[in-house]
file start37.txt (compact mmCIF, C-alpha atoms and all ligand atoms)
# COMPACT_ATOMS: atom_id res chain seq x y z
CA ALA A 349 22.85 73.08 -33.73
CA ARG A 350 24.40 76.00 -35.55
CA GLY A 351 27.11 77.67 -33.48
CA GLU A 352 30.38 79.48 -33.89
CA GLU A 353 32.71 77.77 -36.37
CA PRO A 354 35.62 76.07 -34.51
CA LYS A 355 38.96 77.69 -35.29
CA SER A 356 41.07 74.54 -35.30
CA LEU A 357 40.56 71.11 -36.78
CA PRO A 358 40.12 67.96 -34.70
CA ASP A 359 43.23 65.72 -34.47
CA TYR A 360 42.08 63.16 -37.03
CA ALA A 361 41.66 65.96 -39.60
CA ALA A 362 44.64 68.12 -38.61
CA TRP A 363 46.29 67.47 -41.99
CA LYS A 364 43.44 69.22 -43.84
CA ASP A 365 43.63 72.68 -45.42
CA ARG A 366 41.66 74.68 -42.84
CA SER A 367 41.21 77.66 -45.17
CA ALA A 368 39.37 75.52 -47.72
CA LEU A 369 36.84 74.18 -45.24
CA ILE A 370 33.71 75.27 -43.42
CA VAL A 371 33.82 73.36 -40.14
CA HIS A 372 30.30 72.50 -38.96
CA SER A 373 31.37 70.20 -36.11
CA THR A 374 34.19 67.79 -35.20
CA ASN A 375 32.48 65.21 -37.40
CA THR A 376 31.37 67.37 -40.31
CA MET A 377 33.21 69.85 -42.53
CA GLU A 378 32.56 70.96 -46.08
CA THR A 379 34.62 72.47 -48.89
CA HIS A 380 34.06 76.16 -49.59
CA ARG A 381 32.20 76.67 -52.88
CA GLY A 382 35.26 78.36 -54.35
CA ALA A 383 37.89 75.94 -52.99
CA ILE A 384 37.48 72.76 -55.05
CA GLY A 385 40.82 73.31 -56.81
CA GLN A 386 41.86 73.72 -60.43
CA GLY A 387 41.60 70.21 -61.82
CA VAL A 388 38.93 67.54 -62.05
CA VAL A 389 40.06 65.77 -58.88
CA THR A 390 39.44 67.43 -55.51
CA PRO A 391 42.69 67.71 -53.53
CA SER A 392 42.44 65.34 -50.54
CA ASP A 393 43.15 68.07 -48.01
CA ARG A 394 40.10 70.00 -49.24
CA LEU A 395 37.65 67.09 -49.41
CA PHE A 396 34.64 67.24 -47.07
CA ILE A 397 34.31 64.97 -44.04
CA ARG A 398 31.22 63.41 -42.55
CA ASN A 399 31.25 60.86 -39.73
CA ASN A 400 28.26 59.29 -38.04
CA LEU A 401 30.51 57.86 -35.32
CA PRO A 402 33.90 58.98 -34.01
CA THR A 403 36.85 58.03 -36.26
CA PRO A 404 38.61 54.82 -35.12
CA ASP A 405 42.06 54.99 -33.51
CA LYS A 406 44.92 55.51 -35.95
CA SER A 407 46.39 52.15 -34.92
CA ILE A 408 44.12 50.61 -37.59
CA VAL A 409 46.31 52.10 -40.32
CA ALA A 410 49.62 51.09 -38.70
CA ASP A 411 49.85 47.82 -40.65
CA ARG A 412 47.50 48.38 -43.57
CA ASP A 413 48.06 45.11 -45.41
CA ALA A 414 47.08 43.18 -42.27
CA TRP A 415 43.56 44.71 -42.13
CA ASP A 416 41.01 42.04 -42.97
CA VAL A 417 37.51 42.05 -44.31
CA ASN A 418 35.07 39.20 -43.93
CA ILE A 419 33.15 38.26 -47.09
CA GLU A 420 29.86 36.43 -46.45
CA GLY A 421 26.92 35.33 -48.55
CA VAL A 422 29.18 33.95 -51.28
CA LYS A 423 29.69 30.27 -52.21
CA THR A 424 33.06 30.23 -50.34
CA PRO A 425 32.93 32.75 -47.49
CA LYS A 426 36.36 34.01 -46.53
CA LYS A 427 38.29 36.55 -44.51
CA LEU A 428 40.71 38.40 -46.78
CA THR A 429 43.48 40.80 -45.82
CA ILE A 430 44.33 43.87 -47.87
CA GLY A 431 47.52 41.96 -48.68
CA ASP A 432 45.35 39.21 -50.23
CA LEU A 433 43.13 41.71 -52.06
CA LYS A 434 46.17 43.35 -53.65
CA THR A 435 47.08 40.06 -55.35
CA MET A 436 43.62 39.74 -56.92
CA GLY A 437 43.51 42.81 -59.16
CA VAL A 438 43.67 46.57 -59.21
CA THR A 439 41.78 49.34 -60.92
CA THR A 440 41.33 53.09 -60.51
CA VAL A 441 37.93 54.80 -60.74
CA ALA A 442 37.11 58.49 -60.44
CA SER A 443 33.82 59.11 -58.69
CA VAL A 444 31.95 61.89 -56.97
CA LEU A 445 31.64 61.37 -53.22
CA GLN A 446 28.63 63.37 -52.11
CA CYS A 447 26.72 63.33 -48.84
CA SER A 448 22.99 62.60 -49.12
CA GLY A 449 22.36 65.85 -47.29
CA ASN A 450 24.46 68.08 -49.55
CA GLY A 451 22.27 71.15 -50.18
CA ARG A 452 20.26 70.66 -46.98
CA ALA A 453 20.74 74.32 -46.05
CA PHE A 454 18.53 75.29 -49.01
CA PHE A 455 15.43 73.52 -47.69
CA PRO A 456 13.15 76.09 -46.09
CA HIS A 457 11.60 73.76 -43.50
CA GLY A 458 14.80 73.59 -41.44
CA ALA A 459 15.64 69.92 -41.95
CA SER A 460 17.66 68.65 -39.00
CA GLY A 461 21.28 67.65 -39.59
CA THR A 462 24.38 69.40 -40.88
CA GLN A 463 23.44 72.53 -42.84
CA TRP A 464 25.51 71.68 -45.90
CA SER A 465 25.59 74.16 -48.77
CA VAL A 466 27.26 72.72 -51.91
CA GLY A 467 30.52 71.54 -50.33
CA ALA A 468 29.67 68.07 -49.03
CA ALA A 469 30.98 66.69 -52.33
CA GLY A 470 34.24 66.11 -54.16
CA CYS A 471 35.61 64.12 -57.08
CA VAL A 472 37.99 61.39 -55.92
CA LEU A 473 40.31 58.87 -57.56
CA TRP A 474 39.85 55.51 -55.84
CA THR A 475 42.25 52.62 -56.32
CA GLY A 476 41.50 49.08 -55.26
CA VAL A 477 40.15 45.77 -56.46
CA PRO A 478 36.78 45.50 -58.23
CA LEU A 479 34.31 43.87 -55.84
CA LYS A 480 33.18 41.64 -58.68
CA THR A 481 36.68 40.15 -59.04
CA VAL A 482 36.75 39.24 -55.36
CA VAL A 483 33.26 37.79 -55.36
CA GLU A 484 33.88 35.71 -58.47
CA ALA A 485 37.03 34.28 -56.85
CA LEU A 486 34.81 33.19 -53.95
CA GLY A 487 32.31 31.40 -56.21
CA GLY A 488 29.85 34.28 -56.65
CA PRO A 489 26.95 35.41 -54.46
CA VAL A 490 24.70 32.76 -52.91
CA ASP A 491 21.39 32.12 -54.67
CA GLY A 492 18.76 34.64 -53.73
CA ALA A 493 21.23 37.42 -52.84
CA ARG A 494 19.74 40.80 -53.71
CA TYR A 495 21.82 43.24 -51.68
CA ILE A 496 25.43 43.99 -50.82
CA THR A 497 25.63 44.85 -47.14
CA SER A 498 28.79 46.56 -45.84
CA THR A 499 29.68 47.17 -42.19
CA GLY A 500 31.97 49.91 -40.89
CA GLY A 501 34.79 49.04 -38.49
CA GLU A 502 34.14 51.59 -35.76
CA ALA A 503 33.98 50.51 -32.13
CA LEU A 504 30.37 50.97 -31.04
CA PRO A 505 29.47 53.01 -27.96
CA ASP A 506 28.66 50.92 -24.87
CA GLY A 507 25.17 50.48 -23.59
CA LEU A 508 23.36 51.08 -26.88
CA ASP A 509 21.68 48.58 -29.15
CA PRO A 510 24.32 48.08 -31.89
CA LYS A 511 21.61 48.17 -34.58
CA THR A 512 20.80 51.76 -33.70
CA VAL A 513 24.36 53.03 -34.15
CA VAL A 514 26.31 50.74 -36.50
CA VAL A 515 27.18 52.15 -39.92
CA GLU A 516 25.90 49.27 -42.03
CA ARG A 517 24.48 49.92 -45.48
CA SER A 518 22.84 47.73 -48.09
CA VAL A 519 22.93 48.57 -51.79
CA PRO A 520 21.21 46.64 -54.57
CA LEU A 521 23.19 43.82 -56.20
CA ARG A 522 23.34 45.83 -59.45
CA ALA A 523 26.00 48.00 -57.78
CA MET A 524 28.42 45.07 -57.93
CA ASP A 525 29.36 45.93 -61.51
CA SER A 526 31.03 49.16 -60.45
CA ALA A 527 31.84 48.78 -56.73
CA LEU A 528 35.40 48.44 -55.52
CA LEU A 529 37.32 47.82 -52.34
CA ALA A 530 39.67 50.78 -52.24
CA TRP A 531 42.94 51.15 -50.34
CA GLU A 532 44.16 54.30 -52.11
CA MET A 533 42.63 57.70 -52.64
CA ASN A 534 44.09 60.26 -55.05
CA ASP A 535 47.13 58.01 -55.48
CA THR A 536 48.15 57.80 -51.83
CA ALA A 537 47.30 55.29 -49.10
CA LEU A 538 43.68 55.91 -48.08
CA PRO A 539 43.72 58.31 -45.11
CA LEU A 540 41.99 57.09 -41.95
CA THR A 541 39.85 60.23 -42.21
CA HIS A 542 38.33 58.91 -45.44
CA GLY A 543 38.01 55.27 -44.46
CA GLY A 544 41.51 53.84 -44.48
CA PRO A 545 42.79 51.24 -44.53
CA LEU A 546 39.92 49.89 -46.69
CA ARG A 547 36.70 51.41 -48.01
CA MET A 548 33.71 50.12 -49.93
CA VAL A 549 33.31 52.49 -52.87
CA VAL A 550 30.02 52.45 -54.78
CA PRO A 551 30.50 54.88 -57.69
CA GLY A 552 27.50 57.09 -58.39
CA TYR A 553 25.85 56.29 -55.04
CA TYR A 554 25.41 58.78 -52.19
CA GLY A 555 28.24 59.08 -49.66
CA VAL A 556 26.63 57.00 -46.94
CA ASN A 557 26.89 53.83 -49.05
CA ASN A 558 30.66 54.23 -49.29
CA VAL A 559 31.38 52.50 -45.99
CA LYS A 560 34.70 53.43 -44.37
CA TYR A 561 37.09 51.02 -42.58
CA VAL A 562 34.95 48.25 -44.01
CA LYS A 563 35.03 45.10 -41.85
CA ASN A 564 32.29 42.90 -43.25
CA ILE A 565 30.65 42.50 -46.66
CA ALA A 566 27.62 40.25 -46.89
CA PHE A 567 25.53 39.26 -49.90
CA THR A 568 22.08 39.19 -48.42
CA GLU A 569 18.50 38.51 -49.41
CA ASN A 570 17.24 41.47 -47.41
CA GLN A 571 18.50 44.91 -46.52
CA THR A 572 20.11 45.22 -43.10
CA ASP A 573 17.80 46.18 -40.26
CA ALA A 574 20.40 48.64 -38.92
CA LYS A 575 18.72 51.97 -38.21
CA ILE A 576 20.92 53.85 -40.72
CA GLN A 577 19.35 51.67 -43.44
CA ALA A 578 15.90 50.73 -42.16
CA SER A 579 14.70 54.22 -41.29
CA GLY A 580 17.68 56.51 -41.93
CA TYR A 581 18.73 57.99 -45.29
CA ARG A 582 15.28 57.70 -46.87
CA ILE A 583 13.15 60.22 -48.71
CA ARG A 584 9.97 60.91 -46.77
CA ASP A 585 7.49 63.74 -46.48
CA VAL A 586 8.13 66.48 -43.95
CA GLY A 587 6.89 65.32 -40.56
CA GLN A 588 6.81 61.63 -41.50
CA LYS A 589 8.80 58.92 -39.66
CA GLY A 590 11.40 56.76 -41.41
CA ALA A 591 10.30 53.36 -42.75
CA PRO A 592 11.85 50.67 -44.95
CA ASP A 593 9.36 51.22 -47.81
CA GLN A 594 10.55 54.79 -48.49
CA PRO A 595 13.13 55.39 -51.26
CA SER A 596 16.68 54.81 -49.99
CA MET A 597 19.55 57.19 -50.79
CA TRP A 598 21.25 55.04 -53.42
CA GLU A 599 21.97 56.33 -56.95
CA MET A 600 22.65 60.07 -57.00
CA ASN A 601 20.61 62.42 -59.16
CA VAL A 602 21.99 64.81 -61.79
CA LYS A 603 23.40 68.00 -60.28
CA SER A 604 25.64 71.01 -60.87
CA TRP A 605 26.59 74.30 -59.28
CA VAL A 606 28.61 77.40 -60.04
CA THR A 607 32.00 77.73 -58.28
CA ALA A 608 33.11 81.14 -59.66
CA PRO A 609 32.55 84.05 -59.69
CA LEU A 610 31.16 84.41 -56.17
CA GLU A 611 29.68 87.64 -54.80
CA THR A 612 31.34 90.03 -57.26
CA ALA A 613 32.14 89.85 -60.97
CA GLN A 614 33.99 92.12 -63.38
CA ASN A 615 32.49 94.77 -65.55
CA GLY A 616 32.93 93.15 -68.99
CA ARG A 617 33.93 89.62 -69.83
CA ASN A 618 33.71 86.97 -67.09
CA MET A 619 34.45 83.26 -67.14
CA ILE A 620 31.80 81.40 -65.19
CA TYR A 621 32.99 78.08 -63.72
CA GLY A 622 31.25 75.18 -62.08
CA VAL A 623 31.01 71.41 -61.71
CA ALA A 624 28.39 68.95 -62.93
CA PHE A 625 27.78 65.21 -62.55
CA GLY A 626 25.16 62.62 -63.33
CA GLY A 627 25.51 60.09 -60.50
CA THR A 628 25.68 56.68 -62.17
CA LYS A 629 25.08 58.23 -65.62
CA ALA A 630 27.38 60.30 -67.80
CA LEU A 631 26.33 63.83 -68.70
CA SER A 632 25.11 65.05 -72.05
CA GLY A 633 25.55 68.74 -71.23
CA VAL A 634 25.26 71.67 -68.88
CA GLU A 635 23.76 75.11 -69.42
CA VAL A 636 24.32 78.36 -67.58
CA SER A 637 22.00 81.33 -67.09
CA THR A 638 23.02 84.76 -65.80
CA ASP A 639 19.42 85.98 -65.50
CA GLY A 640 18.10 83.52 -62.95
CA GLY A 641 16.96 80.95 -65.50
CA LYS A 642 15.13 83.12 -68.06
CA THR A 643 17.67 82.43 -70.80
CA TRP A 644 20.26 79.65 -71.02
CA LYS A 645 23.49 79.06 -72.94
CA SER A 646 25.48 75.83 -73.23
CA ALA A 647 28.66 75.74 -71.18
CA ARG A 648 31.82 73.91 -72.26
CA PHE A 649 33.22 70.97 -70.31
CA LEU A 650 36.80 71.43 -69.15
CA GLY A 651 39.63 69.02 -68.50
CA PRO A 652 39.83 65.30 -69.10
CA ASP A 653 36.69 63.17 -68.92
CA LEU A 654 37.49 60.78 -66.07
CA GLY A 655 34.49 58.58 -66.76
CA PRO A 656 30.77 58.51 -66.03
CA TYR A 657 31.07 58.72 -62.23
CA ALA A 658 33.44 61.71 -62.17
CA TRP A 659 32.28 65.28 -62.22
CA ARG A 660 32.92 67.59 -65.16
CA PRO A 661 34.19 71.07 -64.48
CA PHE A 662 32.60 73.52 -66.94
CA VAL A 663 33.09 77.08 -68.12
CA MET A 664 31.05 79.68 -69.97
CA ALA A 665 32.03 83.22 -70.96
CA ALA A 666 29.57 86.01 -70.20
CA GLU A 667 29.64 89.77 -70.78
CA LEU A 668 28.30 91.50 -67.69
CA SER A 669 27.65 95.23 -67.24
CA PRO A 670 27.05 96.88 -63.85
CA GLY A 671 24.11 95.33 -62.02
CA GLU A 672 23.10 92.27 -60.04
CA TYR A 673 23.05 88.81 -61.60
CA ARG A 674 21.60 85.49 -60.50
CA ILE A 675 23.89 82.86 -62.03
CA VAL A 676 22.52 79.30 -62.16
CA SER A 677 23.52 76.08 -63.91
CA ARG A 678 21.48 73.12 -65.11
CA ALA A 679 22.96 69.74 -66.04
CA THR A 680 21.39 66.96 -68.10
CA ASP A 681 22.46 63.30 -68.10
CA VAL A 682 22.65 60.96 -71.11
CA GLU A 683 19.20 59.60 -70.32
CA GLY A 684 17.72 63.09 -70.59
CA ASN A 685 17.21 63.73 -66.88
CA SER A 686 17.73 67.42 -66.11
CA GLN A 687 17.91 69.22 -62.81
CA PRO A 688 14.48 70.54 -61.81
CA GLU A 689 14.01 74.22 -61.07
CA GLY A 690 12.67 73.69 -57.57
CA ARG A 691 12.84 70.95 -54.98
CA LYS A 692 10.63 68.39 -53.36
CA ASP A 693 10.83 69.09 -49.63
CA ASN A 694 11.60 65.97 -47.63
CA GLU A 695 11.95 65.53 -43.88
CA ARG A 696 15.74 65.04 -43.70
CA GLY A 697 16.67 67.38 -46.53
CA TYR A 698 18.22 64.79 -48.85
CA GLY A 699 18.98 64.76 -52.54
CA HIS A 700 18.42 68.45 -53.36
CA ASN A 701 19.35 69.08 -57.00
CA GLY A 702 17.06 72.00 -57.88
CA TRP A 703 18.98 74.55 -59.96
CA SER A 704 17.30 77.63 -58.59
CA ASP A 705 18.44 77.23 -54.97
CA HIS A 706 21.97 76.28 -56.04
CA GLY A 707 22.78 79.49 -57.89
CA VAL A 708 24.91 82.45 -56.82
CA THR A 709 24.05 86.14 -56.78
CA VAL A 710 26.87 88.41 -57.94
CA THR A 711 27.25 92.16 -58.23
CA VAL A 712 29.09 94.00 -60.99
CA SER A 713 29.95 97.59 -60.15
N1 LIG B 1 31.43 54.89 -43.11
C1 LIG B 1 31.61 54.66 -41.78
N2 LIG B 1 32.24 53.52 -41.37
N3 LIG B 1 31.19 55.54 -40.83
C2 LIG B 1 30.52 56.69 -41.20
O1 LIG B 1 30.13 57.45 -40.31
N4 LIG B 1 29.61 58.07 -42.99
C3 LIG B 1 29.07 58.00 -44.34
C4 LIG B 1 30.09 57.45 -45.32
N5 LIG B 1 30.68 56.23 -44.85
C5 LIG B 1 30.29 56.94 -42.57
C6 LIG B 1 30.81 56.00 -43.51
C7 LIG B 1 28.56 59.29 -44.85
S1 LIG B 1 26.98 59.75 -44.43
C8 LIG B 1 29.25 60.02 -45.78
S2 LIG B 1 28.55 61.36 -46.54
C9 LIG B 1 30.60 59.60 -46.24
O2 LIG B 1 31.08 58.44 -45.54
C10 LIG B 1 31.60 60.74 -46.01
O3 LIG B 1 32.86 60.35 -46.45
P1 LIG B 1 34.12 61.26 -46.11
O4 LIG B 1 35.30 60.47 -46.62
O5 LIG B 1 33.98 62.54 -46.97
O6 LIG B 1 34.16 61.62 -44.69
MO1 LIG B 1 26.38 61.34 -45.94
O7 LIG B 1 25.38 60.49 -47.18
call {"tool": "encode", "arguments": {"input": "start37.txt", "output": "structure tokens"}}
result
Amino acid sequence: ARGEEPKSLPDYAAWKDRSALIVHSTNTMETHRGAIGQGVVTPSDRLFIRNNLPTPDKSIVADRDAWDVNIEGVKTPKKLTIGDLKTMGVTTVASVLQCSGNGRAFFPHGASGTQWSVGAAGCVLWTGVPLKTVVEALGGPVDGARYITSTGGEALPDGLDPKTVVVERSVPLRAMDSALLAWEMNDTALPLTHGGPLRMVVPGYYGVNNVKYVKNIAFTENQTDAKIQASGYRIRDVGQKGAPDQPSMWEMNVKSWVTAPLETAQNGRNMIYGVAFGGTKALSGVEVSTDGGKTWKSARFLGPDLGPYAWRPFVMAAELSPGEYRIVSRATDVEGNSQPEGRKDNERGYGHNGWSDHGVTVTVS
């Protein structure tokens, strides 16, 4: 339900920069379009939050190295502590963390769920051990394994069937090449708010697959029958019920949006900024239009390229005289996939990457 925005932040998120966030509820807050920061990496205190269940007690980050994760469905199943994982290897990957429902507010059918605009996304530096390294040390996945199934460490509410509430997600085995078990975010110990002490990170995949406080990882023949996987986070027609044969929110599609100017621009020369990313694929380019998509010009990528899973800030100069302008951006990935103009409405309002809805309207006086 849409209500008045709470003034203060809940305890578990008290360290966040309130002015950078739109607070939808105690469990959901997004970054203002104009507040993503100056660099490629989103400052942690501005990153969006989305929780399906209440955040666990902070006691779970008191002794981080003692946290353990159970690895199943490998030749030698084993419980490993973060202390153990740290001896196995370490890598850092930049990837966009984006909620499946980012952009939901732009669907006209009133999809239920948080009415995210563009801010349920950020670009994060994750540090941890490649999942592949861990799995190889345990003899590799068992024969027939087709999915990686990760379980969140939240305590489940009493009196409910665990399968209907547990945050447990399966991703295809192909994700093993890029997945990591992360204990740091943006070069500091992973905050509890974002899944500390340990998180499954699947670069290029929608947020929901990046399971926080990960407790169990299983290599399985089938996807989990947890509700969040079996019927949740799937693309289905408006009015349809969730079912396991509908496309799951796995690899993200190509997307971009403008972050400045917002509302007003200067009479004369303006620098138009934004961010673009290709999910699991690198980008080949991004174009900007100041006339609502009638004419396009290539924008220039800014800052270091932090790899295929990171987003690329972009800029384009435009001369604007008094009037109203619809500024839109359109990214293309290396495989030639471009953002569509419109959107395909779907019941839960997932995966919106249409350029038209994501633009901004600015006035020059
Ligand atoms: N995990 C867990 N454990 N729990 C929960 O709830 N959620 C999801 C992910 N993971 C969860 C998890 C989601 S859904 C999202 S987005 C993400 O997470 C977010 O993150 P941050 O850190 O931002 O909060 Mo949608 O697709």
call {"tool": "residues_near_ligand", "arguments": {"input": "start37.txt", "ligand": "ligand LIG 1 (chain B)", "cutoff": "6 Å", "atoms": "all atoms listed in the file", "output": "list in words"}}
result
Phe396, Ile397, Arg398, Asn399, Asn400, Leu401, Gln446, Cys447, Ser448, Gly500, Gly501, Val515, His542, Tyr554, Gly555, Val556, Asn558, Val559, Lys560 and Tyr561 of chain A
call {"tool": "atom_distance", "arguments": {"input": "start37.txt", "atom1": "CA of Leu486 (chain A)", "atom2": "CA of Ile419 (chain A)"}}
result
8.7 Å
call {"tool": "residues_around", "arguments": {"input": "start37.txt", "residues": "Leu433 (chain A)", "least_positions_apart": "4", "cutoff": "12 Å", "atoms": "all atoms listed in the file", "output": "PyMOL selection string"}}
result
chain A and resi 412-419+426-429+437-439+475-483+485+528-531+546
call {"tool": "closest_residue", "arguments": {"input": "start37.txt", "among": "A:Gln463, A:Thr376, A:Thr541, A:Ser526", "to": "Ala362 (chain A)", "atoms": "all atoms listed in the file"}}
result
A:Thr541
call {"tool": "closest_residue", "arguments": {"input": "start37.txt", "among": "A:Trp363, A:Arg452, A:Thr680, A:Gly543", "to": "Thr403 (chain A)", "atoms": "all atoms listed in the file"}}
result
A:Gly543
call {"tool": "closest_atom_pairs", "arguments": {"input": "start37.txt", "of": "region 672-701 of chain A", "to": "region 637-649 of chain A", "cutoff": "9 Å", "atoms": "all atoms listed in the file", "output": "JSON lines"}}
result
{"residue": "A:Tyr673", "atom": "CA", "partner": "A:Thr638", "partner_atom": "CA", "distance": 5.8}
{"residue": "A:Arg674", "atom": "CA", "partner": "A:Gly640", "partner_atom": "CA", "distance": 4.7}
{"residue": "A:Ile675", "atom": "CA", "partner": "A:Thr638", "partner_atom": "CA", "distance": 4.3}
{"residue": "A:Val676", "atom": "CA", "partner": "A:Ser637", "partner_atom": "CA", "distance": 5.4}
{"residue": "A:Ser677", "atom": "CA", "partner": "A:Ser637", "partner_atom": "CA", "distance": 6.3}
{"residue": "A:Arg678", "atom": "CA", "partner": "A:Ser637", "partner_atom": "CA", "distance": 8.5}
{"residue": "A:Glu689", "atom": "CA", "partner": "A:Gly641", "partner_atom": "CA", "distance": 8.6}
call {"tool": "axis_aligned_box", "arguments": {"input": "start37.txt", "around": "region 528-531 of chain A", "padding_each_side": "6 Å", "output": "lines of an AutoDock Vina configuration file"}}
result
center_x = 39.2
center_y = 49.5
center_z = -52.9
size_x = 19.5
size_y = 15.3
size_z = 17.2
call {"tool": "closest_residue", "arguments": {"input": "start37.txt", "among": "A:Ser356, A:Gln577, A:Ser713, A:Asn701", "to": "Pro688 (chain A)", "atoms": "only C-alpha atoms"}}
result
A:Asn701
call {"tool": "closest_residue", "arguments": {"input": "start37.txt", "among": "A:Pro520, A:Ile496, A:Gly622, A:Asp705", "to": "Met597 (chain A)", "atoms": "only C-alpha atoms"}}
result
A:Pro520
call {"tool": "residues_around", "arguments": {"input": "start37.txt", "residues": "Ala679 (chain A)", "least_positions_apart": "2", "cutoff": "10 Å", "atoms": "all atoms listed in the file", "output": "ChimeraX atom specification"}}
result
/A:602-605,623-626,631-636,646-647,677,681,684-688,701,703
call {"tool": "closest_residue", "arguments": {"input": "start37.txt", "among": "A:Tyr657, A:Trp598, A:Tyr495, A:Tyr581", "to": "Val472 (chain A)", "atoms": "only C-alpha atoms"}}
result
A:Tyr657
call {"tool": "closest_residue", "arguments": {"input": "start37.txt", "among": "A:Met533, A:Ala666, A:Leu395, A:Leu445", "to": "Met377 (chain A)", "atoms": "only C-alpha atoms"}}
result
A:Leu395
call {"tool": "atom_distance", "arguments": {"input": "start37.txt", "atom1": "CA of Thr512 (chain A)", "atom2": "CA of Asn557 (chain A)"}}
result
16.6 Å
call {"tool": "atom_distance", "arguments": {"input": "start37.txt", "atom1": "CA of Thr568 (chain A)", "atom2": "CA of Gly580 (chain A)"}}
result
19.0 Å
call {"tool": "residues_around", "arguments": {"input": "start37.txt", "residues": "region 652-654 of chain A", "least_positions_apart": "5", "cutoff": "12 Å", "atoms": "all atoms listed in the file", "output": "ChimeraX atom specification"}}
result
/A:387-389,440-444,471-474,624-625,630-631,659-662
call {"tool": "residues_near_point", "arguments": {"input": "start37.txt", "point": "(29.2, 52.3, -58.2)", "cutoff": "6 Å", "atoms": "all atoms listed in the file", "output": "NGL selection string"}}
result
:A and (523 or 526-527 or 550-552)
